Amino acid sequence: MIFITGPLYSGKRTFAAQLLHCTEQQLSQYAVWDVQQLAADCASSDDLAALADRLAAYPVVIATEVGGGVVPVDEAQRAAREAAGRLACLLAARADTVVRLFCGLPTVLKGRIVP
């Protein structure tokens, strides 16, 4: 599995589509994204691990980095950010390749991109 992460609107889906040789409209056949939203629904670390296992079955998983800005006052929003960060760590551990996109530029953090 290739795990792609980065801030909002950094080119993650465009990069994934190029990597998979498909259009962005076809991307949902090969990849799952916005997984940080799924993490918020997990009630425990076991749930997060189970979610990471399910997501690792996809060829490409895309997550938007969260938590780099102002810490929310709302406890539920803070918990959702923590869950998203923990899920990202679990996915990175399971991934063969981890790529961070920033300004449309990929940086390989783990593994390598095979054309």
# chains A, B, ... in the order shown; residues from 1 in each chain; ligands from 1

call {"tool": "residues_around", "arguments": {"residues": "A:Arg100", "least_positions_apart": "3", "cutoff": "6 Å", "atoms": "only C-alpha atoms", "output": "list of chain:residue names"}}
result
A:Ile4, A:Thr5, A:Gly6, A:Pro106, A:Thr107

call {"tool": "write_last_selection", "arguments": {"atoms": "N, CA and C atoms", "output": "PDB file, in the first residue's frame"}}
result
ATOM      1  N   ILE A   4      -0.312   8.290   1.124  1.00  0.00           N
ATOM      2  CA  ILE A   4      -0.009   9.656   0.698  1.00  0.00           C
ATOM      3  C   ILE A   4      -0.637  10.610   1.704  1.00  0.00           C
ATOM      4  N   THR A   5       0.170  11.537   2.202  1.00  0.00           N
ATOM      5  CA  THR A   5      -0.315  12.495   3.183  1.00  0.00           C
ATOM      6  C   THR A   5       0.182  13.886   2.815  1.00  0.00           C
ATOM      7  N   GLY A   6      -0.400  14.880   3.428  1.00  0.00           N
ATOM      8  CA  GLY A   6      -0.010  16.263   3.190  1.00  0.00           C
ATOM      9  C   GLY A   6      -1.148  17.181   3.560  1.00  0.00           C
ATOM     10  N   PRO A 106       6.148  15.788  -4.351  1.00  0.00           N
ATOM     11  CA  PRO A 106       6.195  14.603  -3.501  1.00  0.00           C
ATOM     12  C   PRO A 106       7.556  14.425  -2.832  1.00  0.00           C
ATOM     13  N   THR A 107       7.525  14.039  -1.581  1.00  0.00           N
ATOM     14  CA  THR A 107       8.729  13.655  -0.862  1.00  0.00           C
ATOM     15  C   THR A 107       8.502  12.252  -0.334  1.00  0.00           C
TER      16      THR A 107
END

call {"tool": "residues_around", "arguments": {"residues": "A:Glu65", "least_positions_apart": "3", "cutoff": "9 Å", "atoms": "only C-alpha atoms", "output": "VMD selection string"}}
result
chain A and resid 5 to 8 36 68 84 to 85 88

call {"tool": "residues_around", "arguments": {"residues": "A:Lys110", "least_positions_apart": "5", "cutoff": "8 Å", "atoms": "only C-alpha atoms", "output": "list in words"}}
result
Asp96, Thr97, Val98 and Val99 of chain A

call {"tool": "decode", "arguments": {"residues": "stretch 66-90 of chain A", "atoms": "N, CA, C and O atoms", "output": "PDB file, in the first residue's frame"}}
result
ATOM      1  N   VAL A  66      -3.742  16.832   9.746  1.00  0.00           N
ATOM      2  CA  VAL A  66      -4.515  17.708  10.621  1.00  0.00           C
ATOM      3  C   VAL A  66      -3.689  17.996  11.866  1.00  0.00           C
ATOM      4  O   VAL A  66      -2.756  17.275  12.183  1.00  0.00           O
ATOM      5  N   GLY A  67      -4.044  19.033  12.565  1.00  0.00           N
ATOM      6  CA  GLY A  67      -3.374  19.316  13.821  1.00  0.00           C
ATOM      7  C   GLY A  67      -2.213  20.265  13.713  1.00  0.00           C
ATOM      8  O   GLY A  67      -1.537  20.524  14.703  1.00  0.00           O
ATOM      9  N   GLY A  68      -1.953  20.804  12.537  1.00  0.00           N
ATOM     10  CA  GLY A  68      -0.841  21.720  12.386  1.00  0.00           C
ATOM     11  C   GLY A  68      -1.205  23.166  12.673  1.00  0.00           C
ATOM     12  O   GLY A  68      -0.361  24.036  12.628  1.00  0.00           O
ATOM     13  N   GLY A  69      -2.461  23.394  12.980  1.00  0.00           N
ATOM     14  CA  GLY A  69      -2.910  24.766  13.205  1.00  0.00           C
ATOM     15  C   GLY A  69      -3.268  25.011  14.653  1.00  0.00           C
ATOM     16  O   GLY A  69      -2.688  24.437  15.574  1.00  0.00           O
ATOM     17  N   VAL A  70      -4.265  25.837  14.843  1.00  0.00           N
ATOM     18  CA  VAL A  70      -4.736  26.199  16.173  1.00  0.00           C
ATOM     19  C   VAL A  70      -5.414  24.988  16.809  1.00  0.00           C
ATOM     20  O   VAL A  70      -6.197  24.292  16.172  1.00  0.00           O
ATOM     21  N   VAL A  71      -5.119  24.739  18.062  1.00  0.00           N
ATOM     22  CA  VAL A  71      -5.742  23.627  18.787  1.00  0.00           C
ATOM     23  C   VAL A  71      -7.186  24.011  19.087  1.00  0.00           C
ATOM     24  O   VAL A  71      -7.444  25.068  19.674  1.00  0.00           O
ATOM     25  N   PRO A  72      -8.142  23.162  18.682  1.00  0.00           N
ATOM     26  CA  PRO A  72      -9.547  23.496  18.917  1.00  0.00           C
ATOM     27  C   PRO A  72      -9.892  23.523  20.409  1.00  0.00           C
ATOM     28  O   PRO A  72      -9.348  22.749  21.195  1.00  0.00           O
ATOM     29  N   VAL A  73     -10.817  24.385  20.758  1.00  0.00           N
ATOM     30  CA  VAL A  73     -11.303  24.465  22.138  1.00  0.00           C
ATOM     31  C   VAL A  73     -12.186  23.255  22.444  1.00  0.00           C
ATOM     32  O   VAL A  73     -12.152  22.704  23.537  1.00  0.00           O
ATOM     33  N   ASP A  74     -12.929  22.828  21.433  1.00  0.00           N
ATOM     34  CA  ASP A  74     -13.876  21.725  21.606  1.00  0.00           C
ATOM     35  C   ASP A  74     -13.142  20.401  21.829  1.00  0.00           C
ATOM     36  O   ASP A  74     -12.266  20.014  21.040  1.00  0.00           O
ATOM     37  N   GLU A  75     -13.519  19.707  22.895  1.00  0.00           N
ATOM     38  CA  GLU A  75     -12.861  18.444  23.250  1.00  0.00           C
ATOM     39  C   GLU A  75     -13.023  17.381  22.171  1.00  0.00           C
ATOM     40  O   GLU A  75     -12.092  16.629  21.874  1.00  0.00           O
ATOM     41  N   ALA A  76     -14.218  17.315  21.558  1.00  0.00           N
ATOM     42  CA  ALA A  76     -14.463  16.316  20.514  1.00  0.00           C
ATOM     43  C   ALA A  76     -13.580  16.567  19.291  1.00  0.00           C
ATOM     44  O   ALA A  76     -13.070  15.629  18.681  1.00  0.00           O
ATOM     45  N   GLN A  77     -13.382  17.830  18.940  1.00  0.00           N
ATOM     46  CA  GLN A  77     -12.521  18.154  17.802  1.00  0.00           C
ATOM     47  C   GLN A  77     -11.063  17.810  18.101  1.00  0.00           C
ATOM     48  O   GLN A  77     -10.340  17.338  17.223  1.00  0.00           O
ATOM     49  N   ARG A  78     -10.637  18.044  19.336  1.00  0.00           N
ATOM     50  CA  ARG A  78      -9.263  17.665  19.716  1.00  0.00           C
ATOM     51  C   ARG A  78      -9.093  16.156  19.648  1.00  0.00           C
ATOM     52  O   ARG A  78      -8.078  15.646  19.166  1.00  0.00           O
ATOM     53  N   ALA A  79     -10.101  15.417  20.123  1.00  0.00           N
ATOM     54  CA  ALA A  79     -10.037  13.952  20.088  1.00  0.00           C
ATOM     55  C   ALA A  79     -10.005  13.445  18.641  1.00  0.00           C
ATOM     56  O   ALA A  79      -9.291  12.493  18.329  1.00  0.00           O
ATOM     57  N   ALA A  80     -10.772  14.086  17.764  1.00  0.00           N
ATOM     58  CA  ALA A  80     -10.783  13.682  16.351  1.00  0.00           C
ATOM     59  C   ALA A  80      -9.419  13.910  15.709  1.00  0.00           C
ATOM     60  O   ALA A  80      -8.932  13.070  14.952  1.00  0.00           O
ATOM     61  N   ARG A  81      -8.771  15.019  16.044  1.00  0.00           N
ATOM     62  CA  ARG A  81      -7.432  15.285  15.515  1.00  0.00           C
ATOM     63  C   ARG A  81      -6.419  14.266  16.036  1.00  0.00           C
ATOM     64  O   ARG A  81      -5.549  13.812  15.304  1.00  0.00           O
ATOM     65  N   GLU A  82      -6.536  13.939  17.302  1.00  0.00           N
ATOM     66  CA  GLU A  82      -5.628  12.944  17.863  1.00  0.00           C
ATOM     67  C   GLU A  82      -5.820  11.601  17.175  1.00  0.00           C
ATOM     68  O   GLU A  82      -4.856  10.918  16.815  1.00  0.00           O
ATOM     69  N   ALA A  83      -7.082  11.212  16.975  1.00  0.00           N
ATOM     70  CA  ALA A  83      -7.371   9.939  16.304  1.00  0.00           C
ATOM     71  C   ALA A  83      -6.815   9.940  14.880  1.00  0.00           C
ATOM     72  O   ALA A  83      -6.253   8.942  14.421  1.00  0.00           O
ATOM     73  N   ALA A  84      -6.947  11.062  14.184  1.00  0.00           N
ATOM     74  CA  ALA A  84      -6.426  11.159  12.819  1.00  0.00           C
ATOM     75  C   ALA A  84      -4.906  11.009  12.808  1.00  0.00           C
ATOM     76  O   ALA A  84      -4.344  10.326  11.947  1.00  0.00           O
ATOM     77  N   GLY A  85      -4.248  11.624  13.753  1.00  0.00           N
ATOM     78  CA  GLY A  85      -2.792  11.506  13.839  1.00  0.00           C
ATOM     79  C   GLY A  85      -2.349  10.093  14.156  1.00  0.00           C
ATOM     80  O   GLY A  85      -1.385   9.577  13.578  1.00  0.00           O
ATOM     81  N   ARG A  86      -3.064   9.458  15.077  1.00  0.00           N
ATOM     82  CA  ARG A  86      -2.730   8.074  15.428  1.00  0.00           C
ATOM     83  C   ARG A  86      -2.979   7.130  14.249  1.00  0.00           C
ATOM     84  O   ARG A  86      -2.202   6.217  14.000  1.00  0.00           O
ATOM     85  N   LEU A  87      -4.077   7.366  13.511  1.00  0.00           N
ATOM     86  CA  LEU A  87      -4.354   6.546  12.326  1.00  0.00           C
ATOM     87  C   LEU A  87      -3.256   6.730  11.285  1.00  0.00           C
ATOM     88  O   LEU A  87      -2.807   5.756  10.674  1.00  0.00           O
ATOM     89  N   ALA A  88      -2.803   7.957  11.089  1.00  0.00           N
ATOM     90  CA  ALA A  88      -1.731   8.204  10.126  1.00  0.00           C
ATOM     91  C   ALA A  88      -0.476   7.417  10.506  1.00  0.00           C
ATOM     92  O   ALA A  88       0.188   6.835   9.638  1.00  0.00           O
ATOM     93  N   CYS A  89      -0.159   7.371  11.787  1.00  0.00           N
ATOM     94  CA  CYS A  89       1.007   6.596  12.242  1.00  0.00           C
ATOM     95  C   CYS A  89       0.825   5.111  11.959  1.00  0.00           C
ATOM     96  O   CYS A  89       1.757   4.431  11.503  1.00  0.00           O
ATOM     97  N   LEU A  90      -0.376   4.610  12.205  1.00  0.00           N
ATOM     98  CA  LEU A  90      -0.654   3.194  11.956  1.00  0.00           C
ATOM     99  C   LEU A  90      -0.568   2.872  10.463  1.00  0.00           C
ATOM    100  O   LEU A  90      -0.038   1.831  10.063  1.00  0.00           O
TER     101      LEU A  90
END
